[in-house]
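Structure data (mmCIF, C-alpha atoms) from query16.cif:
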data_final
loop_
_atom_site.label_atom_id
_atom_site.label_comp_id
_atom_site.auth_asym_id
_atom_site.auth_seq_id
_atom_site.Cartn_x
_atom_site.Cartn_y
_atom_site.Cartn_z
CA MET A 1 0.00 0.00 0.00
CA ARG A 2 1.20 3.52 -0.82
CA GLY A 3 0.66 6.75 1.06
CA ARG A 4 2.23 9.94 2.33
CA ILE A 5 3.48 10.73 5.82
CA LYS A 6 1.43 13.57 7.31
CA LYS A 7 2.80 13.52 10.86
CA ALA A 8 5.90 12.21 12.65
CA LEU A 9 5.85 11.94 16.43
CA SER A 10 7.86 9.89 18.94
CA GLY A 11 8.92 7.25 16.42
CA PHE A 12 5.45 6.87 14.92
CA TYR A 13 4.58 7.86 11.36
CA TYR A 14 1.01 8.68 10.41
CA VAL A 15 0.57 7.70 6.77
CA ASP A 16 -2.37 9.00 4.73
CA THR A 17 -3.30 6.40 2.10
CA GLY A 18 -6.17 8.46 0.70
CA GLU A 19 -8.71 6.23 2.42
CA GLU A 20 -7.39 6.24 5.98
CA VAL A 21 -4.50 7.36 8.16
CA VAL A 22 -2.40 4.39 9.29
CA THR A 23 -0.14 4.60 12.35
CA CYS A 24 3.20 3.07 11.38
CA ARG A 25 6.66 2.26 12.65
CA ALA A 26 9.71 2.28 10.38
CA ARG A 27 11.68 -0.82 9.45
CA GLY A 28 14.90 -1.24 11.42
CA ARG A 29 16.99 -1.09 8.26
CA PHE A 30 16.28 2.65 7.92
CA ARG A 31 18.21 3.30 11.13
CA LYS A 32 21.09 1.11 9.92
CA GLU A 33 21.16 3.06 6.65
CA GLY A 34 21.04 6.40 8.48
CA VAL A 35 17.76 7.37 6.83
CA SER A 36 14.65 8.70 8.58
CA PRO A 37 11.17 8.89 7.06
CA LEU A 38 9.97 12.50 6.97
CA VAL A 39 6.70 14.34 6.78
CA GLY A 40 5.96 14.79 3.08
CA ASP A 41 7.57 11.47 2.12
CA ARG A 42 5.64 9.17 -0.18
CA VAL A 43 6.12 5.69 1.19
CA GLU A 44 5.19 2.05 0.75
CA ILE A 45 3.69 0.41 3.82
CA THR A 46 2.50 -2.98 5.00
CA VAL A 47 -0.64 -2.98 7.15
CA SER A 48 -1.36 -5.59 9.78
CA GLY A 49 -4.56 -5.08 11.74
CA THR A 50 -4.81 -1.44 12.76
CA GLU A 51 -1.08 -0.63 12.49
CA GLY A 52 1.47 -0.60 9.73
CA MET A 53 5.16 -0.66 8.88
CA VAL A 54 7.01 1.73 6.56
CA ASP A 55 8.77 -0.56 4.07
CA ALA A 56 10.24 1.90 1.57
CA ILE A 57 10.61 5.61 0.88
CA GLU A 58 9.96 6.66 -2.71
CA PRO A 59 12.49 8.97 -4.44
CA ARG A 60 12.41 12.47 -2.99
CA ARG A 61 12.18 15.75 -4.84
CA ASN A 62 14.07 17.45 -2.01
CA VAL A 63 14.79 16.96 1.68
CA PHE A 64 15.45 19.43 4.50
CA SER A 65 17.02 18.79 7.89
CA ARG A 66 15.40 21.81 9.51
CA PRO A 67 12.53 21.86 9.07
CA ALA A 68 12.61 18.04 8.78
CA VAL A 69 10.44 17.70 5.68
CA ALA A 70 10.58 16.26 2.18
CA ASN A 71 9.08 16.93 -1.24
CA ILE A 72 7.94 20.48 -0.57
CA ASP A 73 7.16 22.97 -3.34
CA GLN A 74 7.55 26.14 -1.33
CA LEU A 75 9.25 27.26 1.86
CA VAL A 76 7.26 29.97 3.65
CA ILE A 77 9.70 31.84 5.88
CA VAL A 78 7.70 33.62 8.57
CA ALA A 79 9.51 36.63 10.03
CA SER A 80 8.70 39.56 12.29
CA ASN A 81 10.06 43.00 13.11
CA ALA A 82 8.04 43.15 16.33
CA ILE A 83 9.06 41.05 19.32
CA PRO A 84 10.77 38.77 18.43
CA GLN A 85 12.76 40.51 15.70
CA THR A 86 14.01 38.23 12.94
CA ASP A 87 17.67 38.51 12.02
CA PRO A 88 17.92 39.02 8.21
CA TYR A 89 20.73 36.45 8.23
CA LEU A 90 18.21 33.81 9.23
CA ILE A 91 16.06 34.66 6.22
CA ASP A 92 19.05 34.72 3.88
CA ARG A 93 20.40 31.41 5.14
CA MET A 94 17.02 29.76 4.63
CA THR A 95 16.56 31.24 1.15
CA ALA A 96 20.04 30.05 0.12
CA ILE A 97 19.29 26.51 1.30
CA ALA A 98 15.91 26.56 -0.47
CA ALA A 99 17.54 27.70 -3.72
CA LEU A 100 20.12 24.90 -3.43
CA LYS A 101 17.29 22.37 -3.14
CA GLY A 102 15.19 23.78 -5.99
CA CYS A 103 12.42 25.04 -3.73
CA GLU A 104 10.38 28.24 -4.12
CA VAL A 105 10.43 30.77 -1.28
CA LEU A 106 7.80 33.12 0.10
CA ILE A 107 8.97 35.57 2.77
CA CYS A 108 6.04 36.36 5.04
CA ILE A 109 6.58 39.27 7.44
CA ASN A 110 3.94 38.78 10.11
CA LYS A 111 2.65 41.04 12.90
CA SER A 112 2.31 43.98 10.51
CA ASP A 113 -0.26 45.46 12.92
CA LEU A 114 2.58 45.97 15.41
CA ASP A 115 5.40 46.91 13.03
CA HIS A 116 5.36 47.28 9.24
CA ALA A 117 9.04 46.28 9.12
CA ASP A 118 10.11 48.94 6.63
CA GLU A 119 13.77 47.88 6.71
CA LEU A 120 12.99 44.21 6.08
CA CYS A 121 10.57 45.18 3.32
CA ALA A 122 13.27 47.28 1.65
CA ILE A 123 15.67 44.32 1.68
CA TYR A 124 13.20 41.74 0.35
CA GLU A 125 10.80 43.78 -1.79
CA LYS A 126 11.88 41.83 -4.91
CA ALA A 127 11.97 38.43 -3.24
CA GLY A 128 8.33 37.33 -3.08
CA LEU A 129 7.52 39.38 0.01
CA LEU A 130 4.14 39.40 1.76
CA LEU A 131 3.04 41.44 4.79
CA THR A 132 0.54 39.71 7.06
CA SER A 133 -1.21 40.09 10.38
CA ALA A 134 -2.95 37.12 11.92
CA GLU A 135 -4.55 39.65 14.31
CA THR A 136 -6.16 41.99 11.74
CA GLY A 137 -6.35 39.65 8.75
CA GLU A 138 -4.05 41.76 6.57
CA GLY A 139 -2.54 39.67 3.77
CA ILE A 140 -4.30 36.45 4.77
CA ALA A 141 -6.36 36.21 1.57
CA GLU A 142 -3.24 36.77 -0.55
CA LEU A 143 -1.29 34.23 1.52
CA ARG A 144 -4.05 31.68 0.94
CA GLU A 145 -3.77 32.39 -2.80
CA ARG A 146 0.04 32.15 -2.81
CA ILE A 147 0.02 28.69 -1.24
CA SER A 148 -2.88 27.32 -3.29
CA GLY A 149 -2.07 24.09 -5.14
CA LYS A 150 1.30 23.70 -3.43
CA LEU A 151 2.82 21.83 -0.52
CA SER A 152 4.33 24.60 1.61
CA ALA A 153 6.39 24.25 4.77
CA PHE A 154 6.03 27.10 7.25
CA THR A 155 9.20 27.84 9.19
CA GLY A 156 10.74 30.65 11.21
CA ASN A 157 12.07 31.53 14.63
CA SER A 158 9.88 30.96 17.69
CA GLY A 159 7.20 33.54 18.39
CA VAL A 160 6.83 35.05 14.90
CA GLY A 161 3.27 33.73 14.62
CA LYS A 162 3.32 30.62 12.44
CA SER A 163 0.58 28.91 14.43
CA SER A 164 -1.51 32.10 14.48
CA LEU A 165 -1.22 32.31 10.69
CA LEU A 166 -2.40 28.71 10.34
CA ASN A 167 -5.40 29.46 12.52
CA ALA A 168 -6.15 32.57 10.44
CA LEU A 169 -5.93 30.55 7.22
CA ASP A 170 -8.33 27.93 8.52
CA PRO A 171 -9.79 28.14 12.07
CA ARG A 172 -10.54 24.40 12.01
CA PHE A 173 -6.93 23.73 12.94
CA SER A 174 -7.09 25.38 16.38
CA VAL A 175 -3.28 25.17 16.56
CA GLN A 176 -1.97 26.10 20.01
CA VAL A 177 -0.57 29.64 20.15
CA GLY A 178 2.11 30.65 22.66
CA GLU A 179 3.05 33.95 24.25
CA VAL A 180 6.22 35.88 23.47
CA SER A 181 8.60 36.49 26.37
CA GLN A 182 9.08 40.25 26.71
CA ALA A 183 12.27 39.71 28.71
CA LEU A 184 13.91 37.33 26.26
CA GLY A 185 12.38 38.75 23.09
CA ARG A 186 11.55 35.34 21.71
CA GLY A 187 8.62 32.98 21.59
CA ARG A 188 7.93 29.76 23.39
CA HIS A 189 7.78 26.61 21.30
CA THR A 190 4.12 25.66 20.86
CA THR A 191 4.52 23.36 17.85
CA ARG A 192 6.26 20.22 19.12
CA HIS A 193 6.23 18.12 15.98
CA VAL A 194 6.04 18.39 12.20
CA GLU A 195 2.57 17.93 10.74
CA LEU A 196 0.91 18.30 7.32
CA TYR A 197 -2.49 19.97 7.06
CA THR A 198 -4.85 20.33 4.09
CA LEU A 199 -6.79 23.55 3.56
CA SER A 200 -10.30 23.54 2.14
CA GLY A 201 -9.01 25.46 -0.91
CA GLY A 202 -6.59 22.69 -1.89
CA ALA A 203 -3.38 24.07 -0.37
CA GLU A 204 -1.26 21.77 1.76
CA ILE A 205 0.86 23.16 4.55
CA ILE A 206 3.39 21.73 6.96
CA ASP A 207 3.72 23.36 10.38
CA THR A 208 7.14 22.96 11.97
CA PRO A 209 8.59 23.69 15.42
CA GLY A 210 10.05 27.15 15.84
CA PHE A 211 13.68 27.66 16.79
CA SER A 212 15.71 30.27 18.61
CA SER A 213 19.18 29.68 17.21
CA PHE A 214 20.85 28.78 13.92
CA ASP A 215 21.63 25.17 13.27
CA THR A 216 24.24 24.00 10.80
CA ASP A 217 22.80 20.71 9.58
CA GLU A 218 22.19 22.12 6.10
CA LEU A 219 25.58 23.84 5.80
CA GLY A 220 27.41 21.27 3.69
CA LEU A 221 29.79 21.03 0.76
CA ALA A 222 27.00 21.38 -1.79
CA LEU A 223 26.09 24.79 -0.40
CA LYS A 224 29.76 25.79 -0.21
CA GLU A 225 30.33 24.94 -3.87
CA ARG A 226 27.20 26.71 -5.12
CA LEU A 227 26.82 29.52 -2.59
CA PRO A 228 26.92 32.50 -5.03
CA GLU A 229 24.17 31.07 -7.22
CA THR A 230 21.90 30.45 -4.23
CA PHE A 231 21.74 34.22 -3.76
CA LEU A 232 19.41 34.66 -6.71
CA ASP A 233 19.69 38.46 -6.80
CA PHE A 234 23.44 38.07 -7.45
CA ALA A 235 22.74 36.26 -10.76
CA PRO A 236 22.93 39.29 -13.14
CA TYR A 237 26.43 40.10 -11.85
CA LEU A 238 28.13 36.70 -11.42
CA ASP A 239 29.52 36.58 -14.97
CA GLY A 240 30.78 40.16 -14.86
CA CYS A 241 33.70 39.69 -12.46
CA ARG A 242 37.23 40.30 -13.74
CA PHE A 243 38.63 37.03 -12.40
CA VAL A 244 37.36 33.48 -12.84
CA GLY A 245 36.55 31.89 -9.51
CA CYS A 246 35.84 35.23 -7.84
CA SER A 247 34.60 34.68 -4.29
CA HIS A 248 32.70 38.01 -4.26
CA THR A 249 34.22 38.89 -0.91
CA LYS A 250 37.07 41.40 -1.52
CA GLU A 251 38.46 40.96 -5.06
CA LYS A 252 39.18 43.88 -7.37
CA GLY A 253 36.91 43.96 -10.38
CA CYS A 254 34.14 41.99 -8.60
CA ALA A 255 30.84 42.87 -10.25
CA VAL A 256 28.88 41.81 -7.17
CA LEU A 257 30.83 44.18 -4.90
CA GLU A 258 30.45 46.98 -7.43
CA ALA A 259 26.68 46.37 -7.49
CA VAL A 260 26.57 46.58 -3.68
CA ARG A 261 28.50 49.86 -3.70
CA ALA A 262 26.16 51.23 -6.38
CA GLY A 263 23.10 50.30 -4.34
CA LYS A 264 21.92 47.75 -6.91
CA LEU A 265 22.33 44.91 -4.42
CA SER A 266 21.37 45.03 -0.76
CA ALA A 267 24.31 45.51 1.60
CA SER A 268 22.43 43.39 4.15
CA ARG A 269 22.14 40.52 1.68
CA HIS A 270 25.86 40.69 0.89
CA ALA A 271 26.68 40.76 4.61
CA SER A 272 24.70 37.53 4.98
CA TYR A 273 26.59 36.07 2.02
CA LEU A 274 29.91 36.91 3.69
CA ARG A 275 28.76 35.35 6.95
CA LEU A 276 27.76 32.13 5.20
CA TYR A 277 30.95 32.16 3.12
CA ASN A 278 33.08 32.39 6.26
CA GLU A 279 31.13 29.58 7.94
CA LEU A 280 31.62 27.32 4.93
CA LYS A 281 35.10 28.23 3.66
CA ASP A 282 37.03 25.76 5.85
CA LEU A 283 34.62 22.89 5.26
CA ARG A 284 36.33 19.86 3.75
CA GLU A 285 34.87 16.69 2.31
CA TRP A 286 36.00 14.54 5.25
CA SER A 287 34.42 16.93 7.78
CA SER A 288 30.99 16.78 6.13
CA LYS A 289 30.65 13.01 6.32
#
As structure tokens - that is how I would like this structure written.
Amino acid sequence: MRGRIKKALSGFYYVDTGEEVVTCRARGRFRKEGVSPLVGDRVEITVSGTEGMVDAIEPRRNVFSRPAVANIDQLVIVASNAIPQTDPYLIDRMTAIAALKGCEVLICINKSDLDHADELCAIYEKAGLLLTSAETGEGIAELRERISGKLSAFTGNSGVGKSSLLNALDPRFSVQVGEVSQALGRGRHTTRHVELYTLSGGAEIIDTPGFSSFDTDELGLALKERLPETFLDFAPYLDGCRFVGCSHTKEKGCAVLEAVRAGKLSASRHASYLRLYNELKDLREWSSK
């Protein structure tokens, strides 16, 4: 029997076959092979009584470590300029990883009723930006349209309002919403697991746990080797550098640096590029295994 994993929790996988949701365990060989079934995976299962076993994972379109999902069409990065404020580097790191994996990105700046985030909007105005407020309903109709017909994973740092957005998109979910700590400036984790939901309009969304710090699971050799091209706004300038193999960090005749100085590229975006470049530059093949 075939199906798709819609929830993963405490070693159990809830597989939607189209007729029912079967609670499954994974075969022991997955652990030996270092592979974990993920929400979004299409799988083959064997059913015995009321429970099942995941036998095989079908080829994946893409796979992410954080959020731990597979086969998504679009990554919705939820950010905020109210408490908690989202570091632009977080957005840029996520967009670079999404580009590496061939995944569309929608940057959703939430809590617009508290702060319209003019600086963030200036940085990402050409990057599929959307302003929303789960409180007032601003941008919710457009968000529903932008995710229609796609499998989208919602991600972002804790407290930016992912769960509130899901509730605004479809109140049937009644996803638990947490408070933001005024002292710490960050949210409490209310989503404890990864789960796939289906909207009445045909959109599919995956809610993922929030996080308060950067993790490096996705920072591998593939990203190191293709880093400039994952910054999509750099594309018009990458072939204009004086030297082949330009790192776009400090070289003379670098078209990317010239574009930053001329205001054609965001200085914030280039700062994020430099930060990622420095994190990845000493990575060697042996250290990524």
Report the residues retrieved by the PyMOL selection byres ((chain A and resi 162) around 10) from the displayed file, expressed as a short mmCIF file (atom, residue, chain, number, x, y, z; two decimals) with C-alpha atoms, in the coordinates of the input.
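Final output, saved to expr_28.cif:
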data_model
loop_
_atom_site.label_atom_id
_atom_site.label_comp_id
_atom_site.auth_asym_id
_atom_site.auth_seq_id
_atom_site.Cartn_x
_atom_site.Cartn_y
_atom_site.Cartn_z
CA VAL A 76 7.26 29.97 3.65
CA ILE A 77 9.70 31.84 5.88
CA VAL A 78 7.70 33.62 8.57
CA ALA A 79 9.51 36.63 10.03
CA CYS A 108 6.04 36.36 5.04
CA ASN A 110 3.94 38.78 10.11
CA ALA A 134 -2.95 37.12 11.92
CA PHE A 154 6.03 27.10 7.25
CA THR A 155 9.20 27.84 9.19
CA GLY A 156 10.74 30.65 11.21
CA ASN A 157 12.07 31.53 14.63
CA SER A 158 9.88 30.96 17.69
CA GLY A 159 7.20 33.54 18.39
CA VAL A 160 6.83 35.05 14.90
CA GLY A 161 3.27 33.73 14.62
CA SER A 163 0.58 28.91 14.43
CA SER A 164 -1.51 32.10 14.48
CA LEU A 165 -1.22 32.31 10.69
CA LEU A 166 -2.40 28.71 10.34
CA ASN A 167 -5.40 29.46 12.52
CA ALA A 168 -6.15 32.57 10.44
CA VAL A 175 -3.28 25.17 16.56
CA VAL A 177 -0.57 29.64 20.15
CA THR A 190 4.12 25.66 20.86
CA THR A 191 4.52 23.36 17.85
CA ASP A 207 3.72 23.36 10.38
CA THR A 208 7.14 22.96 11.97
CA PRO A 209 8.59 23.69 15.42
CA GLY A 210 10.05 27.15 15.84
#
What's around range 277-285 of chain A at 9 Å? Count all atoms listed in the file, leave out sequence neighbours fewer than 2 positions away in its own chain, and write the answer as number ranges by chain. A: 219-221, 223-224, 227, 247, 249, 272-275, 287-289
Residues within 12 Å of Cys246 in chain A, please, as a PyMOL selection string. Count all atoms listed in the file; anything in the same chain fewer than 4 positions from it doesn't count. chain A and resi 227-228+237-242+250-257
Output the selection as an mmCIF file, in the coordinates of the input - C-alpha atoms for each residue.
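New file again.cif:
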data_model
loop_
_atom_site.group_PDB
_atom_site.id
_atom_site.type_symbol
_atom_site.label_atom_id
_atom_site.label_comp_id
_atom_site.auth_asym_id
_atom_site.auth_seq_id
_atom_site.Cartn_x
_atom_site.Cartn_y
_atom_site.Cartn_z
ATOM 1 C CA LEU A 227 26.820 29.520 -2.590
ATOM 2 C CA PRO A 228 26.920 32.500 -5.030
ATOM 3 C CA TYR A 237 26.430 40.100 -11.850
ATOM 4 C CA LEU A 238 28.130 36.700 -11.420
ATOM 5 C CA ASP A 239 29.520 36.580 -14.970
ATOM 6 C CA GLY A 240 30.780 40.160 -14.860
ATOM 7 C CA CYS A 241 33.700 39.690 -12.460
ATOM 8 C CA ARG A 242 37.230 40.300 -13.740
ATOM 9 C CA LYS A 250 37.070 41.400 -1.520
ATOM 10 C CA GLU A 251 38.460 40.960 -5.060
ATOM 11 C CA LYS A 252 39.180 43.880 -7.370
ATOM 12 C CA GLY A 253 36.910 43.960 -10.380
ATOM 13 C CA CYS A 254 34.140 41.990 -8.600
ATOM 14 C CA ALA A 255 30.840 42.870 -10.250
ATOM 15 C CA VAL A 256 28.880 41.810 -7.170
ATOM 16 C CA LEU A 257 30.830 44.180 -4.900
#
Evaluated on this file, the PyMOL selection byres ((chain A and resi 98) around 12) picks out some residues - which ones are they, written as a PyMOL selection string? chain A and resi 62-67+70-77+91-97+99-107+152-153+155+218-219+223+227+229-232
For the PyMOL selection byres ((chain A and resi 24) around 12), applied here, can you spell out every residue it catches as a ChimeraX atom specification? /A:3-17,21-23,25-27,37,43-55
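Distances from A:Asp233, A:Asp87, A:Glu195, A:Glu20 to Leu38 in chain A were compared using all atoms listed in the file, and the smallest one belongs to A:Glu195.
Our summary of the geometry notes that CA of Leu129 in chain A is positioned 13.1 Å from CA of Ile147 in chain A.
CA of Val260 in chain A is positioned 25.5 Å from CA of Leu131 in chain A.
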Give the answer as one residue: which of A:Glu258, A:Ser266, A:Lys150, A:Ile57 has the shortest atom-to-atom distance to Cys121 in chain A, using all atoms listed in the file? A:Ser266
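Taking CA of Arg60 in chain A and CA of Glu19 in chain A as the two end points, the separation is 22.7 Å.
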